[in-house]
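Structure data (TSV, C-alpha atoms and all ligand atoms) from my_file-v3.tsv:
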```tsv
chain	number	residue	atom	x	y	z
A	23	MET	CA	151.86	176.93	191.38
A	24	ASN	CA	150.03	176.60	194.68
A	25	ALA	CA	153.45	176.85	196.34
A	26	THR	CA	152.26	177.10	199.95
A	27	LEU	CA	150.05	174.02	199.89
A	28	PRO	CA	151.12	170.49	200.80
A	29	ARG	CA	150.60	167.74	198.24
A	30	ILE	CA	146.88	167.26	197.94
A	31	LEU	CA	145.90	163.84	196.70
A	32	ALA	CA	142.68	162.18	195.61
A	33	HIS	CA	142.71	158.55	194.51
A	34	GLY	CA	146.50	158.95	194.35
A	35	TYR	CA	146.39	161.85	191.88
A	36	GLU	CA	147.90	165.22	192.83
A	37	LEU	CA	145.27	167.95	192.53
A	38	ASN	CA	146.99	171.20	193.35
A	39	ALA	CA	149.78	171.37	190.82
A	40	THR	CA	148.31	174.56	189.32
A	41	GLU	CA	146.02	177.28	190.64
A	42	ASP	CA	143.39	176.67	188.00
A	43	SER	CA	142.93	173.08	189.14
A	44	PHE	CA	142.41	173.47	192.89
A	45	GLY	CA	141.10	176.16	195.23
A	46	GLU	CA	139.25	176.90	198.46
A	47	LEU	CA	135.52	176.64	199.00
A	48	ARG	CA	133.70	179.97	199.13
A	49	ARG	CA	132.51	180.79	202.65
A	50	SER	CA	128.84	181.63	203.09
A	51	ASP	CA	128.82	183.08	206.61
A	52	ASP	CA	128.03	186.47	205.06
A	53	VAL	CA	124.54	185.31	203.98
A	54	MET	CA	123.53	183.23	207.00
A	55	THR	CA	121.03	185.75	208.33
A	56	ASP	CA	119.37	186.35	204.97
A	57	MET	CA	117.61	183.20	203.74
A	58	ALA	CA	116.88	184.61	200.27
A	59	ALA	CA	120.57	185.38	199.82
A	60	LEU	CA	121.49	181.96	201.21
A	61	ARG	CA	119.20	180.25	198.68
A	62	GLY	CA	120.72	182.43	195.96
A	63	ARG	CA	124.22	181.38	197.01
A	64	PHE	CA	123.21	177.71	197.01
A	65	ALA	CA	121.75	178.06	193.50
A	66	GLU	CA	124.90	179.81	192.33
A	67	ASP	CA	127.56	177.59	193.93
A	68	GLY	CA	125.77	174.24	194.40
A	69	TYR	CA	127.02	174.20	198.00
A	70	LEU	CA	127.16	176.23	201.24
A	71	TYR	CA	130.31	176.20	203.33
A	72	VAL	CA	129.85	177.75	206.75
A	73	PRO	CA	132.90	177.62	209.03
A	74	GLY	CA	132.20	177.65	212.77
A	75	PHE	CA	128.43	177.19	212.46
A	76	LEU	CA	128.25	174.51	215.17
A	77	ASP	CA	129.38	174.61	218.77
A	78	ARG	CA	132.88	173.10	218.87
A	79	ALA	CA	132.32	171.56	222.30
A	80	GLU	CA	129.23	169.71	221.06
A	81	VAL	CA	131.10	168.46	218.01
A	82	HIS	CA	133.94	167.34	220.25
A	83	THR	CA	131.54	165.33	222.44
A	84	VAL	CA	130.39	163.42	219.37
A	85	ARG	CA	134.03	162.73	218.52
A	86	GLU	CA	134.71	161.43	222.04
A	87	HIS	CA	131.90	158.88	221.73
A	88	VAL	CA	132.99	157.63	218.30
A	89	ALA	CA	136.64	157.45	219.38
A	90	GLU	CA	135.58	155.32	222.35
A	91	THR	CA	133.62	153.00	220.04
A	92	LEU	CA	136.60	152.59	217.70
A	93	ALA	CA	138.85	151.88	220.71
A	94	GLN	CA	136.41	149.17	221.88
A	95	LYS	CA	136.48	147.64	218.42
A	96	GLY	CA	140.29	147.44	218.67
A	97	LEU	CA	140.87	149.79	215.74
A	98	LEU	CA	142.98	152.40	217.58
A	99	ASP	CA	146.67	152.34	218.45
A	100	PRO	CA	146.76	152.06	222.27
A	101	ALA	CA	150.05	154.01	222.39
A	102	TYR	CA	148.14	157.26	221.71
A	103	PRO	CA	145.25	159.00	223.47
A	104	VAL	CA	141.90	157.59	222.28
A	105	ILE	CA	140.69	161.05	221.28
A	106	ASP	CA	143.53	161.36	218.72
A	107	MET	CA	142.08	158.40	216.82
A	108	VAL	CA	145.37	157.02	215.58
A	109	LYS	CA	144.69	153.89	213.56
A	110	LYS	CA	146.28	150.72	214.84
A	111	GLU	CA	148.84	149.31	212.43
A	112	GLY	CA	147.15	146.51	210.53
A	113	ALA	CA	143.61	147.36	211.73
A	114	ASP	CA	141.51	146.06	208.88
A	115	MET	CA	138.76	148.35	207.61
A	116	GLY	CA	138.21	146.11	204.59
A	117	PHE	CA	134.68	145.23	205.79
A	118	LEU	CA	133.62	148.75	204.79
A	119	ALA	CA	134.02	147.79	201.14
A	120	ASP	CA	130.88	145.66	201.47
A	121	PRO	CA	127.93	148.09	201.43
A	122	TRP	CA	125.86	145.95	203.84
A	123	HIS	CA	128.57	145.70	206.46
A	124	ALA	CA	129.34	149.38	206.00
A	125	MET	CA	125.67	150.25	206.57
A	126	GLU	CA	125.42	148.17	209.72
A	127	TYR	CA	128.62	149.67	211.09
A	128	MET	CA	127.53	153.26	210.37
A	129	ASN	CA	124.01	152.76	211.67
A	130	SER	CA	125.16	151.25	214.96
A	131	ILE	CA	127.74	153.99	215.59
A	132	ALA	CA	125.20	156.71	214.79
A	133	LYS	CA	122.31	155.21	216.76
A	134	GLN	CA	124.23	154.73	220.01
A	135	ASN	CA	125.69	158.24	219.86
A	136	LYS	CA	123.04	160.45	221.43
A	137	ALA	CA	125.24	163.53	221.10
A	138	MET	CA	125.46	162.93	217.35
A	139	GLN	CA	121.69	162.53	217.06
A	140	ARG	CA	121.19	165.77	218.99
A	141	LEU	CA	123.75	167.71	216.98
A	142	LEU	CA	122.49	166.61	213.57
A	143	TYR	CA	118.75	166.33	214.11
A	144	THR	CA	117.75	169.02	216.61
A	145	GLY	CA	118.60	172.65	217.25
A	146	ARG	CA	120.64	174.85	214.92
A	147	ILE	CA	120.82	172.48	211.97
A	148	ILE	CA	117.07	171.89	211.85
A	149	ARG	CA	116.38	175.63	212.23
A	150	LEU	CA	118.77	176.36	209.40
A	151	PHE	CA	117.04	173.92	207.04
A	152	GLU	CA	113.59	175.18	208.11
A	153	GLY	CA	114.62	178.66	207.04
A	154	PHE	CA	116.27	177.40	203.89
A	155	PHE	CA	113.28	175.27	202.78
A	156	GLU	CA	110.57	177.56	204.24
A	157	ASP	CA	108.90	174.37	205.46
A	158	LYS	CA	109.07	171.86	208.26
A	159	VAL	CA	112.07	169.62	207.82
A	160	ARG	CA	112.35	165.86	207.57
A	161	HIS	CA	115.66	164.06	207.75
A	162	PHE	CA	116.71	160.56	206.74
A	163	ASP	CA	116.96	158.21	209.74
A	164	PHE	CA	120.18	156.78	208.38
A	165	THR	CA	123.42	158.65	209.13
A	166	TRP	CA	126.56	157.96	207.13
A	167	VAL	CA	129.47	157.86	209.60
A	168	ARG	CA	132.86	157.97	207.88
A	169	THR	CA	135.91	156.69	209.71
A	170	MET	CA	138.50	156.96	206.97
A	171	GLY	CA	141.94	155.53	207.64
A	172	LYS	CA	145.09	156.11	205.63
A	173	GLY	CA	144.43	155.57	201.94
A	174	PHE	CA	142.18	156.71	199.14
A	175	GLY	CA	139.22	158.97	199.83
A	176	THR	CA	135.75	158.58	198.37
A	177	ASP	CA	135.60	158.56	194.57
A	178	SER	CA	133.79	161.29	192.61
A	179	HIS	CA	130.03	160.93	192.54
A	180	CYS	CA	126.69	162.73	192.92
A	181	ASP	CA	124.43	161.66	195.77
A	182	ASN	CA	121.45	161.47	193.41
A	183	VAL	CA	122.31	157.92	192.33
A	184	TYR	CA	121.94	156.69	195.93
A	185	MET	CA	118.87	158.53	197.18
A	186	SER	CA	116.74	159.97	194.37
A	187	ARG	CA	113.42	158.19	195.06
A	188	GLY	CA	111.99	161.07	197.08
A	189	SER	CA	112.51	164.82	197.15
A	190	SER	CA	114.41	166.67	194.43
A	191	ARG	CA	115.24	169.30	197.07
A	192	LEU	CA	117.10	166.81	199.27
A	193	CYS	CA	120.34	168.24	200.71
A	194	THR	CA	123.43	166.61	202.17
A	195	LEU	CA	125.06	168.01	205.29
A	196	TRP	CA	128.73	167.06	205.71
A	197	VAL	CA	130.21	167.60	209.18
A	198	PRO	CA	133.86	167.11	210.23
A	199	TYR	CA	134.54	165.94	213.82
A	200	GLY	CA	138.12	167.07	214.11
A	201	ASP	CA	140.38	169.62	212.52
A	202	ILE	CA	141.04	168.12	209.11
A	203	SER	CA	144.22	169.20	207.35
A	204	TYR	CA	144.60	168.63	203.62
A	205	GLU	CA	146.76	165.61	204.42
A	206	ILE	CA	143.99	164.04	206.53
A	207	GLY	CA	141.63	164.88	203.71
A	208	GLY	CA	138.06	166.14	203.80
A	209	LEU	CA	135.33	166.66	201.28
A	210	MET	CA	135.87	168.45	197.98
A	211	ILE	CA	133.44	169.78	195.44
A	212	LEU	CA	133.85	170.23	191.71
A	213	GLU	CA	133.21	173.88	190.99
A	214	GLY	CA	130.10	174.55	188.87
A	215	SER	CA	129.30	170.83	188.54
A	216	HIS	CA	125.68	171.31	189.70
A	217	ARG	CA	125.11	173.13	186.41
A	218	GLN	CA	126.37	170.21	184.33
A	219	ASP	CA	123.20	168.17	184.60
A	220	GLN	CA	122.77	168.01	180.83
A	221	VAL	CA	126.25	166.59	180.34
A	222	LEU	CA	125.74	164.23	183.29
A	223	LYS	CA	122.16	163.33	182.35
A	224	ASN	CA	122.78	159.61	181.81
A	225	TYR	CA	124.75	159.31	185.04
A	226	LEU	CA	122.24	161.29	187.11
A	227	ASN	CA	119.31	159.20	185.87
A	228	ARG	CA	120.83	156.02	187.24
A	229	ASP	CA	119.95	154.41	190.58
A	230	VAL	CA	122.47	152.01	192.13
A	231	ASP	CA	119.68	149.73	193.34
A	232	LYS	CA	118.11	149.18	189.93
A	233	TYR	CA	119.31	146.04	188.20
A	234	CYS	CA	118.89	144.42	184.81
A	235	GLU	CA	116.42	141.58	185.16
A	236	ASN	CA	117.53	140.09	181.86
A	237	ARG	CA	121.23	139.80	182.76
A	238	PRO	CA	122.97	136.72	184.21
A	239	GLU	CA	123.74	138.34	187.60
A	240	ALA	CA	120.07	139.26	188.24
A	241	GLU	CA	119.36	136.26	190.49
A	242	LYS	CA	122.38	137.01	192.67
A	243	ILE	CA	121.29	140.61	193.16
A	244	LYS	CA	117.71	139.57	193.93
A	245	SER	CA	118.85	137.01	196.50
A	246	GLY	CA	121.32	139.40	198.08
A	247	GLU	CA	124.37	137.37	197.16
A	248	ILE	CA	125.93	140.41	195.47
A	249	PRO	CA	125.01	143.95	196.54
A	250	TRP	CA	125.13	145.63	193.13
A	251	THR	CA	126.96	145.60	189.85
A	252	TRP	CA	127.58	149.33	189.83
A	253	GLY	CA	128.57	151.30	192.97
A	254	GLY	CA	127.63	154.79	191.75
A	255	VAL	CA	131.11	156.16	191.07
A	256	LEU	CA	131.24	158.80	188.36
A	257	SER	CA	135.01	158.57	187.87
A	258	SER	CA	137.95	157.29	189.86
A	259	ASN	CA	140.27	159.80	188.21
A	260	PRO	CA	139.52	163.28	189.60
A	261	CYS	CA	141.97	164.91	187.18
A	262	THR	CA	140.44	163.66	183.95
A	263	LEU	CA	136.96	164.28	185.36
A	264	ARG	CA	137.92	167.89	186.09
A	265	ALA	CA	139.49	168.27	182.66
A	266	ASN	CA	136.26	167.01	181.07
A	267	LEU	CA	133.74	168.96	183.14
A	268	GLY	CA	135.79	172.10	183.86
A	269	GLY	CA	135.93	174.05	187.16
A	270	ARG	CA	138.41	173.55	190.00
A	271	TRP	CA	138.30	171.06	192.80
A	272	LEU	CA	137.40	173.06	195.91
A	273	SER	CA	138.07	172.02	199.49
A	274	ALA	CA	139.22	173.42	202.84
A	275	GLU	CA	141.23	172.64	205.94
A	276	TYR	CA	138.10	172.02	207.99
A	277	ARG	CA	137.80	172.76	211.69
A	278	MET	CA	135.43	171.29	214.23
A	279	GLY	CA	132.23	173.35	214.03
A	280	ASP	CA	132.28	173.81	210.24
A	281	ILE	CA	129.46	172.60	208.03
A	282	LEU	CA	129.16	171.97	204.31
A	283	ILE	CA	125.80	171.58	202.57
A	284	PHE	CA	125.32	170.52	198.97
A	285	GLY	CA	122.69	169.29	196.56
A	286	MET	CA	122.08	165.95	194.91
A	287	LYS	CA	123.61	166.95	191.57
A	288	THR	CA	126.82	168.50	192.85
A	289	VAL	CA	129.86	166.37	191.98
A	290	HIS	CA	132.00	165.68	195.04
A	291	ALA	CA	134.65	163.30	196.37
A	292	SER	CA	137.08	163.30	199.26
A	293	LEU	CA	140.81	163.74	199.55
A	294	ASP	CA	143.11	160.85	200.39
A	295	ASN	CA	144.17	160.43	203.98
A	296	GLN	CA	147.98	160.51	204.04
A	297	THR	CA	148.26	160.22	207.85
A	298	PRO	CA	147.87	157.60	210.59
A	299	TYR	CA	144.87	159.52	212.03
A	300	PHE	CA	141.32	158.46	211.27
A	301	ARG	CA	139.29	161.14	209.53
A	302	LEU	CA	135.90	161.29	211.21
A	303	SER	CA	132.90	162.93	209.54
A	304	THR	CA	129.21	162.34	209.01
A	305	ASP	CA	126.91	162.98	206.14
A	306	SER	CA	123.20	163.31	206.85
A	307	ARG	CA	120.21	164.29	204.70
A	308	TYR	CA	117.39	166.86	204.99
A	309	GLN	CA	114.38	167.78	202.87
A	310	PRO	CA	111.08	169.67	203.09
A	311	ALA	CA	108.69	167.54	205.17
A	312	SER	CA	105.92	167.94	202.60
A	313	ASP	CA	107.97	166.29	199.79
A	314	PRO	CA	107.98	162.52	199.17
A	315	ILE	CA	110.86	160.69	200.82
A	316	ASP	CA	113.20	157.90	199.65
A	317	GLU	CA	112.01	154.96	201.78
A	318	ARG	CA	115.38	153.23	201.63
A	319	TRP	CA	116.73	155.53	204.35
A	320	ILE	CA	113.80	155.57	206.76
A	321	GLY	CA	113.11	153.52	209.91
A	322	GLU	CA	115.00	151.95	212.79
A	323	HIS	CA	116.96	149.67	210.43
A	324	PRO	CA	116.75	151.30	207.01
A	325	VAL	CA	116.88	148.86	204.10
A	326	GLY	CA	119.46	151.11	202.40
A	327	HIS	CA	121.02	149.29	199.47
A	328	GLY	CA	119.85	145.93	200.80
A	329	ARG	CA	117.66	143.35	199.08
A	330	GLY	CA	114.41	145.20	199.72
A	331	ALA	CA	115.67	148.23	197.80
A	332	LYS	CA	116.33	146.47	194.51
A	333	LYS	CA	114.20	147.36	191.49
A	334	PRO	CA	114.27	145.25	188.34
A	335	MET	CA	114.34	146.76	184.87
A	336	ILE	CA	114.80	145.47	181.36
A	337	CYS	CA	118.09	146.66	179.86
B	401	LIG	O1	133.18	161.87	203.49
B	401	LIG	C1	133.36	161.25	202.43
B	401	LIG	O2	134.41	160.68	202.15
B	401	LIG	C2	132.25	161.17	201.41
B	401	LIG	C3	131.04	161.93	201.82
B	401	LIG	C4	129.99	162.00	200.78
B	401	LIG	O3	130.05	161.44	199.72
B	401	LIG	C5	128.80	162.81	201.08
B	401	LIG	O4	128.81	163.53	202.09
B	401	LIG	O5	127.82	162.73	200.31
B	402	FE	FE	128.26	161.76	198.55
```
Starting from the coordinates I provided, produce the structure as structure tokens.
Ligand SMILES: O=C(O)CCC(=O)C(=O)O
Ligand SMILES: [Fe+2]
Amino acid sequence: MNATLPRILAHGYELNATEDSFGELRRSDDVMTDMAALRGRFAEDGYLYVPGFLDRAEVHTVREHVAETLAQKGLLDPAYPVIDMVKKEGADMGFLADPWHAMEYMNSIAKQNKAMQRLLYTGRIIRLFEGFFEDKVRHFDFTWVRTMGKGFGTDSHCDNVYMSRGSSRLCTLWVPYGDISYEIGGLMILEGSHRQDQVLKNYLNRDVDKYCENRPEAEKIKSGEIPWTWGGVLSSNPCTLRANLGGRWLSAEYRMGDILIFGMKTVHASLDNQTPYFRLSTDSRYQPASDPIDERWIGEHPVGHGRGAKKPMIC
């Protein structure tokens, strides 16, 4: 039994009932000054978890700006300091279920937050990826800003199904803007899942923006009436997924300043938020500048999963 841990939930399922089902992410601060070792660690683990890599004050500034935006949108409980990001009772985040509204919301929060742009796309992060890729770095212009209220986290998936039209070396950077206890719920990674690409072959080959031209819903997808028929989720039951693929779910009680990097074929999800606090994090994407790029995520207003991204196929 993981006796010292609180209940850790994902999609309502308890993850930490036994030690062979849940554990902590391996830290990679020991290989940060040796790029060959860092690449080796990434190949071995499918992720890099580096606590305290970023300046906490800079991360906090980003949080201040987002908290202010949420307050202006009327989503925070006015009885608490804005910076605590306590969700107002009844504040409806339902619009995030629609991928187009979610994209607009994330893009506007990210674009107006200069501190976020600076933190993610200049300085230490870019230097780290330059060393890691041994190349100039290009990042997606779109930033995924997650303001997760009480409730289920993100279901298990690989990022490949959302952004695989460019570089195979694309990496995700996940950054927490707050100290995130297990009850607030941050990102988790399925141990060894990046080596399961044969088992996951059919899943990994899919692209959420491809649609079947010869199916009845094709017209609605083409016209934009419905965003997609499949949202990219690998499984909404993290326990059966783990039982099938093996490995433990790995996570951490993140602190402001920590970073987590992972590849396109690493299975991940996030823990449920059991508290009234919003969980704030971003995910952003980086690749070698000389590789092709997935055009869906480029430009002032990236098309994302919108109409212009859809590709017909015969099923
Ligand atoms: O933060 C989350 O809930 C999900 C993040 C994610 O899927 C990612 O970083 O790729
Ligand atoms: Fe993801």
*Tell me which protein, DNA and RNA residues are within 12 Å of A:Gly279, counting all atoms listed in the file, leaving out same-chain ones fewer than 3 positions away, and put them as JSON, numbers by chain.*
{"A": [71, 72, 73, 74, 75, 76, 77, 78, 79, 80, 81, 82, 83, 84, 85, 141, 142, 146, 147, 196, 197, 198, 199, 200, 201, 202, 276, 282, 303]}
_Around ligand LIG 401 (chain B), out to 6 Å and counting all atoms listed in the file, which residues are there? I want them as a count of residues only._
9
Neighbouring residues of ligand FE 402 (chain B) are defined here as those with any atom at most 10 Å from a ligand atom, counting all atoms listed in the file; list them as a PDB file with C-alpha atoms, in the frame of the given file.
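Dumped everything to pocket.pdb:
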```
ATOM      1  CA  TRP A 166     126.560 157.960 207.130  1.00  0.00           C
ATOM      2  CA  THR A 176     135.750 158.580 198.370  1.00  0.00           C
ATOM      3  CA  ASP A 177     135.600 158.560 194.570  1.00  0.00           C
ATOM      4  CA  SER A 178     133.790 161.290 192.610  1.00  0.00           C
ATOM      5  CA  HIS A 179     130.030 160.930 192.540  1.00  0.00           C
ATOM      6  CA  CYS A 180     126.690 162.730 192.920  1.00  0.00           C
ATOM      7  CA  ASP A 181     124.430 161.660 195.770  1.00  0.00           C
ATOM      8  CA  ASN A 182     121.450 161.470 193.410  1.00  0.00           C
ATOM      9  CA  VAL A 183     122.310 157.920 192.330  1.00  0.00           C
ATOM     10  CA  TYR A 184     121.940 156.690 195.930  1.00  0.00           C
ATOM     11  CA  THR A 194     123.430 166.610 202.170  1.00  0.00           C
ATOM     12  CA  LEU A 195     125.060 168.010 205.290  1.00  0.00           C
ATOM     13  CA  TRP A 196     128.730 167.060 205.710  1.00  0.00           C
ATOM     14  CA  LEU A 209     135.330 166.660 201.280  1.00  0.00           C
ATOM     15  CA  GLY A 254     127.630 154.790 191.750  1.00  0.00           C
ATOM     16  CA  VAL A 255     131.110 156.160 191.070  1.00  0.00           C
ATOM     17  CA  PHE A 284     125.320 170.520 198.970  1.00  0.00           C
ATOM     18  CA  GLY A 285     122.690 169.290 196.560  1.00  0.00           C
ATOM     19  CA  MET A 286     122.080 165.950 194.910  1.00  0.00           C
ATOM     20  CA  LYS A 287     123.610 166.950 191.570  1.00  0.00           C
ATOM     21  CA  THR A 288     126.820 168.500 192.850  1.00  0.00           C
ATOM     22  CA  VAL A 289     129.860 166.370 191.980  1.00  0.00           C
ATOM     23  CA  HIS A 290     132.000 165.680 195.040  1.00  0.00           C
ATOM     24  CA  ALA A 291     134.650 163.300 196.370  1.00  0.00           C
ATOM     25  CA  SER A 292     137.080 163.300 199.260  1.00  0.00           C
ATOM     26  CA  ASP A 305     126.910 162.980 206.140  1.00  0.00           C
ATOM     27  CA  SER A 306     123.200 163.310 206.850  1.00  0.00           C
TER      28      SER A 306
END
```
*Distance in Å - atom CA of A:Leu60 versus atom CA of A:Ala311*: 19.7 Å
*Determine the nearest neighbour of A:Leu267 from the options A:Gly112, A:Pro314, A:Gly214, A:Pro334, counting all atoms listed in the file.*
A:Gly214
With the cut-off set at 12 Å and counting all atoms listed in the file, tabulate each residue of stretch 193-300 of chain A with an atom at most that distance from an atom of stretch 26-31 of chain A, showing the nearest atom pair and its distance in Å to one decimal, ordered by chain and increasing number, as JSON lines.
```
{"residue": "A:Ser203", "atom": "CA", "partner": "A:Pro28", "partner_atom": "CA", "distance": 9.6}
{"residue": "A:Tyr204", "atom": "CA", "partner": "A:Ile30", "partner_atom": "CA", "distance": 6.3}
{"residue": "A:Glu205", "atom": "CA", "partner": "A:Ile30", "partner_atom": "CA", "distance": 6.7}
{"residue": "A:Ile206", "atom": "CA", "partner": "A:Ile30", "partner_atom": "CA", "distance": 9.6}
{"residue": "A:Gly207", "atom": "CA", "partner": "A:Ile30", "partner_atom": "CA", "distance": 8.2}
{"residue": "A:Gly208", "atom": "CA", "partner": "A:Ile30", "partner_atom": "CA", "distance": 10.6}
{"residue": "A:Leu209", "atom": "CA", "partner": "A:Leu31", "partner_atom": "CA", "distance": 11.9}
{"residue": "A:Met210", "atom": "CA", "partner": "A:Ile30", "partner_atom": "CA", "distance": 11.1}
{"residue": "A:Asn259", "atom": "CA", "partner": "A:Leu31", "partner_atom": "CA", "distance": 11.0}
{"residue": "A:Pro260", "atom": "CA", "partner": "A:Leu31", "partner_atom": "CA", "distance": 9.6}
{"residue": "A:Cys261", "atom": "CA", "partner": "A:Leu31", "partner_atom": "CA", "distance": 10.4}
{"residue": "A:Trp271", "atom": "CA", "partner": "A:Ile30", "partner_atom": "CA", "distance": 10.7}
{"residue": "A:Leu272", "atom": "CA", "partner": "A:Ile30", "partner_atom": "CA", "distance": 11.3}
{"residue": "A:Ser273", "atom": "CA", "partner": "A:Ile30", "partner_atom": "CA", "distance": 10.1}
{"residue": "A:Ala274", "atom": "CA", "partner": "A:Ile30", "partner_atom": "CA", "distance": 11.0}
{"residue": "A:Glu275", "atom": "CA", "partner": "A:Leu27", "partner_atom": "CA", "distance": 10.8}
{"residue": "A:Ala291", "atom": "CA", "partner": "A:Leu31", "partner_atom": "CA", "distance": 11.3}
{"residue": "A:Ser292", "atom": "CA", "partner": "A:Leu31", "partner_atom": "CA", "distance": 9.2}
{"residue": "A:Leu293", "atom": "CA", "partner": "A:Leu31", "partner_atom": "CA", "distance": 5.8}
{"residue": "A:Asp294", "atom": "CA", "partner": "A:Leu31", "partner_atom": "CA", "distance": 5.5}
{"residue": "A:Asn295", "atom": "CA", "partner": "A:Leu31", "partner_atom": "CA", "distance": 8.2}
{"residue": "A:Gln296", "atom": "CA", "partner": "A:Leu31", "partner_atom": "CA", "distance": 8.3}
{"residue": "A:Thr297", "atom": "CA", "partner": "A:Leu31", "partner_atom": "CA", "distance": 12.0}
```
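Atom CA of A:Cys234 lies 5.5 Å from atom CA of A:Cys337.
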*For atom CA of A:Glu156 and atom CA of A:Ala59, determine how far apart the two atoms are, in Å to one decimal place.*
13.4 Å
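Using all atoms listed in the file, the contacts of A:Ile320 at a cut-off of 8 Å, with sequence neighbours closer than 4 positions omitted, comprise Phe162, Asp163, Phe164, Asp316, Pro324 and Val325 of chain A.
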Mind listing whatever residues come within 12 Å of the point (125.8, 148.9, 205.3)? Use all atoms listed in the file, file coordinates, and give them as a PDB file with C-alpha atoms, in the frame of the given file.
```
ATOM      1  CA  PHE A 117     134.680 145.230 205.790  1.00  0.00           C
ATOM      2  CA  LEU A 118     133.620 148.750 204.790  1.00  0.00           C
ATOM      3  CA  ALA A 119     134.020 147.790 201.140  1.00  0.00           C
ATOM      4  CA  ASP A 120     130.880 145.660 201.470  1.00  0.00           C
ATOM      5  CA  PRO A 121     127.930 148.090 201.430  1.00  0.00           C
ATOM      6  CA  TRP A 122     125.860 145.950 203.840  1.00  0.00           C
ATOM      7  CA  HIS A 123     128.570 145.700 206.460  1.00  0.00           C
ATOM      8  CA  ALA A 124     129.340 149.380 206.000  1.00  0.00           C
ATOM      9  CA  MET A 125     125.670 150.250 206.570  1.00  0.00           C
ATOM     10  CA  GLU A 126     125.420 148.170 209.720  1.00  0.00           C
ATOM     11  CA  TYR A 127     128.620 149.670 211.090  1.00  0.00           C
ATOM     12  CA  MET A 128     127.530 153.260 210.370  1.00  0.00           C
ATOM     13  CA  ASN A 129     124.010 152.760 211.670  1.00  0.00           C
ATOM     14  CA  SER A 130     125.160 151.250 214.960  1.00  0.00           C
ATOM     15  CA  ILE A 131     127.740 153.990 215.590  1.00  0.00           C
ATOM     16  CA  PHE A 164     120.180 156.780 208.380  1.00  0.00           C
ATOM     17  CA  THR A 165     123.420 158.650 209.130  1.00  0.00           C
ATOM     18  CA  TRP A 166     126.560 157.960 207.130  1.00  0.00           C
ATOM     19  CA  VAL A 167     129.470 157.860 209.600  1.00  0.00           C
ATOM     20  CA  ARG A 168     132.860 157.970 207.880  1.00  0.00           C
ATOM     21  CA  PRO A 249     125.010 143.950 196.540  1.00  0.00           C
ATOM     22  CA  ARG A 318     115.380 153.230 201.630  1.00  0.00           C
ATOM     23  CA  TRP A 319     116.730 155.530 204.350  1.00  0.00           C
ATOM     24  CA  HIS A 323     116.960 149.670 210.430  1.00  0.00           C
ATOM     25  CA  PRO A 324     116.750 151.300 207.010  1.00  0.00           C
ATOM     26  CA  VAL A 325     116.880 148.860 204.100  1.00  0.00           C
ATOM     27  CA  GLY A 326     119.460 151.110 202.400  1.00  0.00           C
ATOM     28  CA  HIS A 327     121.020 149.290 199.470  1.00  0.00           C
ATOM     29  CA  GLY A 328     119.850 145.930 200.800  1.00  0.00           C
ATOM     30  CA  ARG A 329     117.660 143.350 199.080  1.00  0.00           C
TER      31      ARG A 329
END
```
Excluding A:Asp67 and any residue of its chain fewer than 3 positions from it, enumerate the residues within 8 Å of it, using all atoms listed in the file, and give them as a PDB file with C-alpha atoms, keeping the file's coordinate frame.
```pdb
ATOM      1  CA  ARG A  63     124.220 181.380 197.010  1.00  0.00           C
ATOM      2  CA  PHE A  64     123.210 177.710 197.010  1.00  0.00           C
ATOM      3  CA  LEU A  70     127.160 176.230 201.240  1.00  0.00           C
ATOM      4  CA  GLU A 213     133.210 173.880 190.990  1.00  0.00           C
ATOM      5  CA  GLY A 214     130.100 174.550 188.870  1.00  0.00           C
ATOM      6  CA  HIS A 216     125.680 171.310 189.700  1.00  0.00           C
TER       7      HIS A 216
END
```
_Pick from A:Tyr299, A:Tyr69, A:Phe151, A:Trp250, whichever lies nearest to A:Lys110 using all atoms listed in the file_ = A:Tyr299
*asked:* Give me, as a PyMOL selection string, all polymer residues having an atom no more than 9 Å from A:Ile148, counting only C-alpha atoms and skipping those fewer than 5 positions away in the same chain.
replied: chain A and resi 142-143+153+158-161+308
*Smallest atom-to-atom distance to A:Met278: which of A:Arg301, A:Gly188, A:Ser43, A:Ala265, using only C-alpha atoms?*
A:Arg301
_Residues within 10 Å of A:Asn227, please, as a ChimeraX atom specification. Count only C-alpha atoms; anything in the same chain fewer than 2 positions from it doesn't count._
/A:182-183,186,219,222-225,229
*Using all atoms listed in the file, collect all residues at a distance of at most 7 Å from (122.0, 146.6, 189.1) as written in the file, then present them as a PyMOL selection string.*
chain A and resi 230-234+250-252
*In terms of the shortest atom-to-atom distance over only C-alpha atoms, which of A:Arg270, A:Lys109, A:Asn236, A:Arg307 is closest to A:Lys172?*
A:Lys109
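Distances to A:Glu66 were evaluated for A:Gln220, A:Ser215, A:Lys332, A:Ala39 using only C-alpha atoms, and the minimum falls at A:Ser215.
Here the question is which of A:Glu241, A:Glu90, A:Asp157, A:Asp280 gets nearest to A:Asp313 using all atoms listed in the file, and that residue is A:Asp157.
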Quick test: take stretch 58-70 of chain A, keep C-alpha atoms, and write it as a CSV table (one decimal), in the first residue's frame.
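Result file out38.csv:
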```
chain,number,residue,atom,x,y,z
A,58,ALA,CA,24.2,13.2,-24.5
A,59,ALA,CA,23.1,11.8,-21.2
A,60,LEU,CA,19.9,13.9,-21.3
A,61,ARG,CA,19.1,12.4,-24.7
A,62,GLY,CA,19.8,9.0,-23.4
A,63,ARG,CA,17.5,9.6,-20.5
A,64,PHE,CA,14.7,10.8,-22.8
A,65,ALA,CA,15.2,7.7,-25.0
A,66,GLU,CA,15.0,5.5,-21.9
A,67,ASP,CA,12.1,7.1,-20.0
A,68,GLY,CA,10.1,8.8,-22.7
A,69,TYR,CA,10.1,11.9,-20.6
A,70,LEU,CA,12.3,14.4,-18.7
```
